[in-house]
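Student: Got a structure for you, questions after.
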Amino acid sequence: LILPILPLFFLMVWAWATVYYGDVFRIARENSFWVASTEQMKFILDQSYGMLWYVGRLALQLFRYPIIGGMCFAGLLALCSWLLGYSMRLTPRWRWIQYIPALLYVGYISKEGINVFFEAETGRILGIPLLALGILLIWAVIIKSFSKKEAPAIVRIPKDETPMQNRLQLCVCILGLAGCITFTQQCRPYVPVITKMMVGQINQDWEGIQKTARANADLSYRAIAAYYAMALVQTDQVGDRVYDIRMDYDTLHIVGWDNTYNNGNSLYIPEGNYYAGLVETCYHYTFEKMVMNGPSSHGLEMLVKCALMRNEWALAEKYIRILRQVPFEGDFCDKYGAMIRNPKLVNADPEMANIRQLEPLHDSFENLYQQPPFMGYNLRLY
């Protein structure tokens with residue numbers, strides 16, 4: 001039995017990028033920013049390889065829906081593998097080599113984990129495969145102009161391979177992806193868990209966040225504890241279930257802009273303050289994060305909510321006007337844009353109405369609270 005390996009490789013990478021790593025890519029997209037205006041994207045275009053990162057950030061927007069983004073990612077790697085095999089004129093005996101660079105790139109992303117979007121240029125995630133695709137296309141055109149050799153089949157069952165050669169390619173693809181998943185499970189087990197909880201916060205899926213935390217109660221990281229606490233506060237269970245998970249925090253393998261280890265506080269401090277009712281503090285930390293890392297879709301969404309909570313209509317309009325230029329943000333802008341100059345609609349929103357109940361009773365400076373400020377989330381108990 002001889003199988004079409006390239007389509008199978010595409011399907012395997014698609015499944016990995018959608019089902020297993022889809023939340024990671026979704027959060028990378030939320031921590032990125034792209035609009036068509038080159039003036040607003042000047043902070044990217046002025047960098048080395050700025051245009052490449054600009055296009056990479058555009059492609060990353062597809063991960064607003066991981067099934068579509070995963071298809072794009074898998075398609076890029078499959079095309080690169082096919083072109084590499086053709087350009088190197090690999091015989092069936094050595095055709096397994098064409099999948100090695102793509103598998104190494106999947107391994108690199110697995111190794112980086114949260115670092116692919118934390119204080120990093122998110123345009124590289126798809127920008128690097130796009131660059132590789134461009135180079136391989138040029139190489140393939142040059143080879144085609146000097147050679148009459150037909151390219152290997154993309155979808156059809158190859159006729160020039162023996163069953164043993166076919167199985168070898170399949171084994172390389174399966175073992176490569178299995179190795180990446182095993183590495184994540186053994187060395188970066190927190191990556192899928194934290195990003196799944198972050199997606200849950202964006203979708204306000206508080207029950208889902210709690211289930212994820214309890215299902216991974218053997219893991220102990222500050223980000224997991226923080227998002228778990230947010231979910232408990234929103235469902236009024238913080239006094240009963242906060243210690244259902246471990247609290248002796250392990251170290252995250254996260255590196256910041258200065259290539260030094262980082263504890264990843266900015267992954268959860270703005271959201272933690274917002275859902276604790278500390279709106280001004282959320283403002284502060286969200287702005288600080290955007291100044292350090294650049295604008296992001298999720299950061300702008302948080303600023304919209306804070307502006308609405310404080311009846312700062314002009315600011316909310318400004319942020320929504322920017323967000324409307326970002327692909328796939330129309331639903332958010334329609335929902336929260338309708339709340340501008342409509343305090344009754346703001347207070348009728350279940351999320352914001354719940355946060356109103358958590359706001360401090362006294363107007364105090366941030367430095368009067370313990371750090372980080374949102375650790376006072378249990379005020380609701382009294």
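Here's how to read the names in the structure tokens: chain A, B, ... by the order shown, residue numbers from 1 in each chain, ligand numbers from 1 in the order shown.
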Would you please extract all alpha helix (DSSP H) residues from segment 121-241 of chain A, as assigned by DSSP on the backbone, and give them as an MDAnalysis selection string?

Tutor: chainID A and resid 124:146 163:187 190:202 206:215 222:234 238:241

Student: Against segment 32-37 of chain A, which residues of segment 50-95 of chain A fall within 10 Å? For each one I want the closest pair of atoms and the distance in Å (one decimal), counting only C-alpha atoms, rows by chain and increasing residue number, as JSON lines.

Tutor:
```
{"residue": "A:Tyr54", "atom": "CA", "partner": "A:Trp34", "partner_atom": "CA", "distance": 7.5}
{"residue": "A:Val55", "atom": "CA", "partner": "A:Trp34", "partner_atom": "CA", "distance": 9.1}
{"residue": "A:Gly56", "atom": "CA", "partner": "A:Trp34", "partner_atom": "CA", "distance": 9.6}
{"residue": "A:Arg57", "atom": "CA", "partner": "A:Trp34", "partner_atom": "CA", "distance": 6.1}
{"residue": "A:Leu58", "atom": "CA", "partner": "A:Trp34", "partner_atom": "CA", "distance": 6.1}
{"residue": "A:Ala59", "atom": "CA", "partner": "A:Trp34", "partner_atom": "CA", "distance": 9.6}
{"residue": "A:Leu60", "atom": "CA", "partner": "A:Ser32", "partner_atom": "CA", "distance": 8.3}
{"residue": "A:Gln61", "atom": "CA", "partner": "A:Trp34", "partner_atom": "CA", "distance": 7.8}
```

Student: Tell me which of A:Ile174, A:Leu136, A:Ala120, A:Leu315 sits closest to Gly256 of chain A, counting only C-alpha atoms.

Tutor: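 Closest to Gly256 of chain A of all the choices is A:Ala120.
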
Student: Do a neighbour search on Ala151 of chain A at 10 Å with only C-alpha atoms, toss out local chain neighbours closer than 5 positions, and write the hits as a list of chain:residue names.

Tutor: A:Trp82, A:Leu83, A:Gly85, A:Tyr86, A:Ser87, A:Arg89, A:Ala140, A:Lys144

Student: Please provide as a list in words all residues within 12 Å of Met292 of chain A, with the sequence filter that same-chain residues fewer than 3 positions apart are discarded (counting only C-alpha atoms).

Tutor: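 Near neighbours after the sequence-gap exclusion: Phe118, Glu119, Ala120, Gly256, Trp257, Asp258, Ser266, Tyr285, Thr286, Phe287, Glu288, Lys289, Pro295 and Ser296 of chain A.
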
Student: For the residues in that selection, give me N, CA, C and O atoms as a PDB file, in the first residue's frame.

Tutor:
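Resulting contents of again-v3.pdb:
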```pdb
ATOM      1  N   PHE A 118       5.278  36.310  23.446  1.00  0.00           N
ATOM      2  CA  PHE A 118       5.552  37.130  24.627  1.00  0.00           C
ATOM      3  C   PHE A 118       6.785  37.995  24.371  1.00  0.00           C
ATOM      4  O   PHE A 118       7.895  37.480  24.209  1.00  0.00           O
ATOM      5  N   GLU A 119       6.578  39.314  24.308  1.00  0.00           N
ATOM      6  CA  GLU A 119       7.659  40.261  24.056  1.00  0.00           C
ATOM      7  C   GLU A 119       8.497  39.802  22.860  1.00  0.00           C
ATOM      8  O   GLU A 119       9.727  39.743  22.915  1.00  0.00           O
ATOM      9  N   ALA A 120       7.799  39.462  21.776  1.00  0.00           N
ATOM     10  CA  ALA A 120       8.461  38.965  20.572  1.00  0.00           C
ATOM     11  C   ALA A 120       7.750  39.520  19.348  1.00  0.00           C
ATOM     12  O   ALA A 120       6.600  39.959  19.427  1.00  0.00           O
ATOM     13  N   GLY A 256      12.268  37.696  27.914  1.00  0.00           N
ATOM     14  CA  GLY A 256      11.771  39.000  27.493  1.00  0.00           C
ATOM     15  C   GLY A 256      12.600  39.609  26.384  1.00  0.00           C
ATOM     16  O   GLY A 256      13.473  38.972  25.784  1.00  0.00           O
ATOM     17  N   TRP A 257      12.332  40.907  26.117  1.00  0.00           N
ATOM     18  CA  TRP A 257      13.038  41.611  25.044  1.00  0.00           C
ATOM     19  C   TRP A 257      14.549  41.626  25.260  1.00  0.00           C
ATOM     20  O   TRP A 257      15.325  41.610  24.306  1.00  0.00           O
ATOM     21  N   ASP A 258      14.981  41.685  26.506  1.00  0.00           N
ATOM     22  CA  ASP A 258      16.413  41.784  26.805  1.00  0.00           C
ATOM     23  C   ASP A 258      17.087  40.420  26.919  1.00  0.00           C
ATOM     24  O   ASP A 258      18.215  40.315  27.386  1.00  0.00           O
ATOM     25  N   SER A 266       3.056  40.163  32.825  1.00  0.00           N
ATOM     26  CA  SER A 266       2.185  40.908  31.913  1.00  0.00           C
ATOM     27  C   SER A 266       1.198  40.012  31.180  1.00  0.00           C
ATOM     28  O   SER A 266       0.306  40.508  30.489  1.00  0.00           O
ATOM     29  N   TYR A 285      -1.679  49.302  33.504  1.00  0.00           N
ATOM     30  CA  TYR A 285      -0.847  48.173  33.080  1.00  0.00           C
ATOM     31  C   TYR A 285      -1.041  47.838  31.602  1.00  0.00           C
ATOM     32  O   TYR A 285      -0.109  47.372  30.948  1.00  0.00           O
ATOM     33  N   THR A 286      -2.230  48.077  31.066  1.00  0.00           N
ATOM     34  CA  THR A 286      -2.442  47.829  29.639  1.00  0.00           C
ATOM     35  C   THR A 286      -1.645  48.823  28.808  1.00  0.00           C
ATOM     36  O   THR A 286      -0.992  48.446  27.815  1.00  0.00           O
ATOM     37  N   PHE A 287      -1.666  50.101  29.207  1.00  0.00           N
ATOM     38  CA  PHE A 287      -0.862  51.099  28.508  1.00  0.00           C
ATOM     39  C   PHE A 287       0.620  50.768  28.616  1.00  0.00           C
ATOM     40  O   PHE A 287       1.376  50.872  27.636  1.00  0.00           O
ATOM     41  N   GLU A 288       1.042  50.391  29.809  1.00  0.00           N
ATOM     42  CA  GLU A 288       2.448  50.059  30.020  1.00  0.00           C
ATOM     43  C   GLU A 288       2.867  48.895  29.120  1.00  0.00           C
ATOM     44  O   GLU A 288       3.947  48.910  28.512  1.00  0.00           O
ATOM     45  N   LYS A 289       2.016  47.903  29.027  1.00  0.00           N
ATOM     46  CA  LYS A 289       2.313  46.744  28.183  1.00  0.00           C
ATOM     47  C   LYS A 289       2.398  47.139  26.713  1.00  0.00           C
ATOM     48  O   LYS A 289       3.272  46.672  25.974  1.00  0.00           O
ATOM     49  N   PRO A 295       1.313  48.037  20.144  1.00  0.00           N
ATOM     50  CA  PRO A 295      -0.137  47.838  20.238  1.00  0.00           C
ATOM     51  C   PRO A 295      -0.517  46.396  19.942  1.00  0.00           C
ATOM     52  O   PRO A 295       0.202  45.668  19.260  1.00  0.00           O
ATOM     53  N   SER A 296      -1.666  46.001  20.470  1.00  0.00           N
ATOM     54  CA  SER A 296      -2.184  44.659  20.211  1.00  0.00           C
ATOM     55  C   SER A 296      -3.693  44.726  20.154  1.00  0.00           C
ATOM     56  O   SER A 296      -4.320  45.621  20.744  1.00  0.00           O
TER      57      SER A 296
END
```

Student: Please indicate the distance in Å from atom CA of Asn259 of chain A to atom CA of Glu30 of chain A, rounded to one decimal place.

Tutor: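 So the two atoms, atom CA of Asn259 of chain A and atom CA of Glu30 of chain A, lie 22.4 Å apart.
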
Student: Using only C-alpha atoms, which of A:Leu278, A:Leu303, A:Ile67, A:Leu84 sits nearest Phe25 of chain A?

Tutor: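 For Phe25 of chain A, the nearest of the candidates is A:Ile67.
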
Student: Suppose you want the space between atom CA of Ile68 of chain A and atom CA of Asn293 of chain A; what is it in Å?

Tutor: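 Atom-to-atom, atom CA of Ile68 of chain A to atom CA of Asn293 of chain A, that is 26.3 Å.
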
Student: Excluding Glu317 of chain A and residues on its chain fewer than 3 positions from it, collect all residues at most 9 Å away from it, counting only C-alpha atoms, and give them as a ChimeraX atom specification.

Tutor: /A:304,312-314,320-322,337,340

Student: Using only C-alpha atoms, which residues sit within 8 Å of Asn262 of chain A once same-chain residues fewer than 5 positions away are excluded, as a ChimeraX atom specification?

Tutor: /A:252-256

Student: Determine the nearest neighbour of Gly294 of chain A from the options A:Gln169, A:Thr122, A:Asn263, A:Gln325, counting only C-alpha atoms.

Tutor: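 Of A:Gln169, A:Thr122, A:Asn263, A:Gln325, the one nearest Gly294 of chain A, counting only C-alpha atoms, is A:Thr122.
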
Student: Could you check the closest approach to Ile44 of chain A for each of A:Gly123, A:Trp14, A:Leu77, A:Asp363 and tell me which residue wins, using only C-alpha atoms?

Tutor: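 For Ile44 of chain A, the nearest of the candidates is A:Gly123.
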
Student: Which residue out of A:Val155, A:Met230, A:Leu133, A:Ile181 has the minimum interatomic distance to Leu103 of chain A when only C-alpha atoms are used?

Tutor: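 Among A:Val155, A:Met230, A:Leu133, A:Ile181, it is A:Ile181 that comes nearest to Leu103 of chain A.
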
Student: Closest to Leu361 of chain A among A:Gly277, A:Ile245, A:Glu150, A:Ile135, using only C-alpha atoms?

Tutor: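 Of all the options, A:Gly277 lies closest to Leu361 of chain A.
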
Student: Atom CA of Ser147 of chain A to atom CA of Glu161 of chain A: how many Å, to one decimal?

Tutor: 20.7 Å

Student: Quick one: everything within 8 Å of Met302 of chain A, counting only C-alpha atoms, minus sequence neighbours fewer than 4 positions away in the same chain. Send it as an mmCIF file with all heavy atoms, in the first residue's frame.

Tutor:
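Contents of the output file result.cif:
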```
data_model
loop_
_atom_site.group_PDB
_atom_site.id
_atom_site.type_symbol
_atom_site.label_atom_id
_atom_site.label_comp_id
_atom_site.auth_asym_id
_atom_site.auth_seq_id
_atom_site.Cartn_x
_atom_site.Cartn_y
_atom_site.Cartn_z
ATOM 1 N N GLU A 271 -5.516 41.933 32.888
ATOM 2 C CA GLU A 271 -6.807 41.255 32.990
ATOM 3 C C GLU A 271 -7.187 41.007 34.447
ATOM 4 O O GLU A 271 -8.356 41.140 34.829
ATOM 5 C CB GLU A 271 -6.755 39.923 32.232
ATOM 6 C CG GLU A 271 -6.586 40.057 30.730
ATOM 7 C CD GLU A 271 -5.146 40.324 30.299
ATOM 8 O OE1 GLU A 271 -4.245 40.333 31.167
ATOM 9 O OE2 GLU A 271 -4.923 40.549 29.100
ATOM 10 N N TYR A 283 -6.104 50.039 33.228
ATOM 11 C CA TYR A 283 -5.684 51.076 32.275
ATOM 12 C C TYR A 283 -4.161 51.228 32.299
ATOM 13 O O TYR A 283 -3.487 51.194 31.265
ATOM 14 C CB TYR A 283 -6.300 52.412 32.687
ATOM 15 C CG TYR A 283 -7.332 52.991 31.747
ATOM 16 C CD1 TYR A 283 -8.462 53.625 32.262
ATOM 17 C CD2 TYR A 283 -7.172 52.953 30.376
ATOM 18 C CE1 TYR A 283 -9.425 54.189 31.435
ATOM 19 C CE2 TYR A 283 -8.116 53.516 29.542
ATOM 20 C CZ TYR A 283 -9.238 54.128 30.070
ATOM 21 O OH TYR A 283 -10.171 54.689 29.236
ATOM 22 N N THR A 286 -2.230 48.077 31.066
ATOM 23 C CA THR A 286 -2.442 47.829 29.639
ATOM 24 C C THR A 286 -1.645 48.823 28.808
ATOM 25 O O THR A 286 -0.992 48.446 27.815
ATOM 26 C CB THR A 286 -3.942 47.930 29.287
ATOM 27 O OG1 THR A 286 -4.679 46.996 30.078
ATOM 28 C CG2 THR A 286 -4.168 47.615 27.820
ATOM 29 N N HIS A 298 -5.867 42.677 21.527
ATOM 30 C CA HIS A 298 -6.451 42.434 22.849
ATOM 31 C C HIS A 298 -6.249 43.633 23.767
ATOM 32 O O HIS A 298 -7.140 43.981 24.545
ATOM 33 C CB HIS A 298 -5.823 41.190 23.467
ATOM 34 C CG HIS A 298 -6.399 40.838 24.807
ATOM 35 N ND1 HIS A 298 -7.740 40.585 25.002
ATOM 36 C CD2 HIS A 298 -5.818 40.709 26.029
ATOM 37 C CE1 HIS A 298 -7.958 40.304 26.274
ATOM 38 N NE2 HIS A 298 -6.822 40.385 26.926
ATOM 39 N N CYS A 306 -12.344 49.546 29.495
ATOM 40 C CA CYS A 306 -12.033 50.474 30.591
ATOM 41 C C CYS A 306 -12.640 51.847 30.334
ATOM 42 O O CYS A 306 -13.189 52.477 31.249
ATOM 43 C CB CYS A 306 -10.511 50.594 30.762
ATOM 44 S SG CYS A 306 -9.718 49.114 31.428
#
```
